[in-house]
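Engineer: Shown below is the structure under consideration.
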Amino acid sequence: MERNSVWRATAERQRYATLDSDLGVDVAVVGAGIVGLTTALLAQRRGLRVAVLEAGTVGGGTTGYTTGKVTAQHGLIYADLVERHGDDNARRYADAMRAGIEQVADLASSLGIECDLTRAPAVAYTRLPEQRSRIEDEVRAAARLGLPARLAERTDLPFDVEAAVVFDDQIHFHPGRYVAGLAAAFTAEGGQLFEGARVTAIDEQRDRTVELTTRAATVVARQVVVATLLPPGLLGGYFARTRPSRSYGLAVRLRDEAPTSMAISVDTPSRSTRPWLDPGPNGMIVVGNGHETGTEPDTEAMYADLESWVRATFDVEAIDYRWSAQDYFTPDRVPYVGRSPMSELVLVATGFQKWGLNSGTAAAMILADLLAGTDNPWLPTFDAGRIGGVGTVGRIVKDNLKVGQELLTGHRRDPDSRPAADLRPGEGGLIDVGGNTVGGYRDLEGVLHTVSTRCSHLGCPLHWNPAETSWDCTCHGSRFSPDGSVLDGPAVRPLGRPPAD
Ligand SMILES: Cc1cc2nc3c(=O)[nH]c(=O)nc-3n(C[C@H](O)[C@H](O)[C@H](O)COP(=O)(O)OP(=O)(O)OC[C@H]3O[C@@H](n4cnc5c(N)ncnc54)[C@H](O)[C@@H]3O)c2cc1C
Ligand code: FES
């Protein structure tokens, strides 16, 4: 089994140069995931000069590690949106999501992107009789908002369900090939795209431009779009208004044909499935076991549990790939999209709650309108500057108390460190070096790598993630490789590297 996302392993990718000289543009987009690339392409088509700055490679963020469903069905959400935000907001959300699906279909078809785009029903089901009324409420709410929702009591899954809400005519695709196609179209149409260009500072200047700092060069832009999953550093305070959550994925070949629907359980633990077309009709993707980043000490057990479920439920021939990834949740279930409270020249899109292929595409449509100075009818619902009602603020306060607790007591709660010599090749954890506790990882060649386990974002303690061999932060989801380099933000600086002896 390959420890890599199937979408990363099976997409041909063009390489793009890094940024090595200063640049001036109308719009600088930070991040080349689905949000950044869609925004860049749509904004460029409005006549703006656009450059994309990507820290790693195109599609190398969460977009390359997703399930690959593009659907307006985000688990059970519409009844809840109506209750929390009222009819108008719920309708704008539904309209934006429907448009996001069609935007993906239009771009794939008009640009000729071969990404296995397939229409299929999306099914959200429960197996528990006590959850039936939630499904029925969702069908009613979604249908009233104009979505193609219907109630079903049978699915093409190999087990009985109590009830399901089905949205017809949704999409699944190969997200790696799709974003590679967006990047190729963007550059072919005149856009500039740089890989290996991590932005470490975003500063508004007195002359109403914004300066972006990368290791080798500076970019000056009239407007900036921050499409980095979560804005880096302290930008807009989004790190304190969202929660990071990871999930685990498998690409599986069955002995029989896989279900052709895309399905997700609303019961916990969550199980999400969809066809995987590369190996033929017996291919299937399974994703599940979500938990907040850094909170699960035994991440190998998350894979093992998902694997035992898929083997118990389907006739499995082989599991070819496994991977995990994260996304951010907002307290009121709606992503933050629009101008950041920090500067009206800086636009953000974050908090996609594991549905950002759809909502991120809709976000890009909103951002392209804002960049071009056009009104967008969905903006009031997604407004990136909103504070929210009492419930939302209460949730934020609760989350931040938890973070404060981790910051204050997390370092003290550390289990005893071990002598470095106890770490076997491939193992990591807290070790004692000269009386100090540091993070250690012994690589497969036997070399010991040591890092400070104080997160470079705001100093929370880091936790070893054995399945991904990374140091993960519970507070806001930053992640670091064993040599201390940043894997996931909001951190932008590498970890300190204390001596190994
Ligand atoms: C396991 C899992 C399954 C999912 N399944 C689905 C699904 O089926 N359907 C769906 O709609 N959504 C799904 N999602 C959610 C969806 O994948 C994400 O919401 C979406 O990909 C987010 O796109 P993005 O462009 O905002 O972020 P990303 O794809 O993460 O892109 C951000 C980019 O910014 C770059 N970057 C970060 N910091 C900097 C910096 N300082 N400077 C420069 N570049 C930087 C990163 O390297 C990255 O390439 C899933 C999420 C997870 C975790
Ligand atoms: S991510 Fe904020 S302190 Fe670690």
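Starting from 1 in every chain, residues are counted up; chains themselves are A, B, ... following the order of the structure tokens, and ligands are numbered from 1 as listed.
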When you look at Gly429 (chain A) with a cut-off of 7 Å (counting only C-alpha atoms), what residues show up, excluding the ones that are within fewer than 2 positions of it in the same chain? I need them as a list of chain:residue names.
Structural biologist: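 The residues that qualify are A:Ile431, A:Gly439, A:Gly440, A:Tyr441, A:Trp464.
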Engineer: Can you check which residues of region 120-199 of chain A DSSP gives as strand (DSSP E or B) on the backbone and send them as a PDB file with C-alpha atoms, in the first residue's frame?
Structural biologist:
ATOM      1  CA  ALA A 120     -23.881  10.757  -9.649  1.00  0.00           C
ATOM      2  CA  PRO A 121     -26.373  10.961  -6.793  1.00  0.00           C
ATOM      3  CA  ALA A 122     -25.054  12.052  -3.382  1.00  0.00           C
ATOM      4  CA  VAL A 123     -26.560  10.111  -0.482  1.00  0.00           C
ATOM      5  CA  ALA A 124     -26.455  11.057   3.216  1.00  0.00           C
ATOM      6  CA  TYR A 125     -27.830   8.173   5.266  1.00  0.00           C
ATOM      7  CA  THR A 126     -28.519   7.028   8.792  1.00  0.00           C
ATOM      8  CA  ALA A 149     -33.412  16.517  -2.573  1.00  0.00           C
ATOM      9  CA  ARG A 150     -35.522  13.395  -2.069  1.00  0.00           C
ATOM     10  CA  LEU A 151     -36.078  10.829   0.671  1.00  0.00           C
ATOM     11  CA  ALA A 152     -34.918   7.247   0.095  1.00  0.00           C
ATOM     12  CA  ALA A 163     -33.384   6.644   5.748  1.00  0.00           C
ATOM     13  CA  ALA A 164     -31.350   8.763   3.361  1.00  0.00           C
ATOM     14  CA  VAL A 165     -31.477  12.161   1.732  1.00  0.00           C
ATOM     15  CA  VAL A 166     -30.474  11.903  -1.924  1.00  0.00           C
ATOM     16  CA  PHE A 167     -29.344  14.833  -4.105  1.00  0.00           C
ATOM     17  CA  ASP A 168     -29.393  13.798  -7.765  1.00  0.00           C
ATOM     18  CA  ASP A 169     -26.985  14.996 -10.449  1.00  0.00           C
ATOM     19  CA  GLN A 170     -23.991  15.875  -8.282  1.00  0.00           C
ATOM     20  CA  ILE A 171     -20.341  15.344  -9.328  1.00  0.00           C
ATOM     21  CA  HIS A 172     -17.286  13.304  -8.433  1.00  0.00           C
ATOM     22  CA  GLN A 192       2.080  33.835 -13.543  1.00  0.00           C
ATOM     23  CA  LEU A 193       2.336  30.901 -11.148  1.00  0.00           C
ATOM     24  CA  PHE A 194       5.243  30.259  -8.762  1.00  0.00           C
TER      25      PHE A 194
END
Engineer: Using only C-alpha atoms and all ligand atoms, which of A:Gly61, A:Gly294, A:Pro419, A:Pro425 sits nearest ligand 2?
Structural biologist: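 Counting only C-alpha atoms and all ligand atoms, the residue closest to ligand 2 is A:Gly294.
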Engineer: Write as an MDAnalysis selection string the residues around ligand 1, taking 7 Å as the cut-off and counting only C-alpha atoms and all ligand atoms.
Structural biologist: chainID A and resid 30:36 53:71 197:200 227:229 232 246:249 287 324:327 349:350 352:360 488:489 492
Engineer: May I ask you to write as a ChimeraX atom specification all residues lying at most 10 Å from ligand 2, with only C-alpha atoms and all ligand atoms counted?
Structural biologist: /A:232-234,239-240,244,293-294,403-404,406-407,453-462,472-480,488-492
Engineer: Which residues are close to region 183-190 of chain A, i.e. within 10 Å by only C-alpha atoms, leaving aside same-chain residues fewer than 6 positions away? Reply as a PyMOL selection string.
Structural biologist: chain A and resi 13-14+16+32-34+36-38+40-42+44-45+49-52+58-59+107+111-113+177
Engineer: Would you please give, as a PyMOL selection string, all residues of region 24-167 of chain A that DSSP assigns to helix (DSSP H, G or I) based on the backbone?
Structural biologist: chain A and resi 34-44+62-65+78-110+129-144
Engineer: Which neighbours of Val438 (chain A) fall inside 12 Å, counting only C-alpha atoms, when residues of the same chain fewer than 2 positions from it are skipped, and could you give them as an NGL selection string?
Structural biologist: :A and (411 or 414-420 or 428-436 or 440-441 or 448-454 or 461-464 or 471 or 482 or 484 or 495-501)
Engineer: In Å, rounded to a single decimal, give me how far CA of Leu182 (chain A) is from CA of Pro341 (chain A).
Structural biologist: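 It comes out at 29.2 Å.
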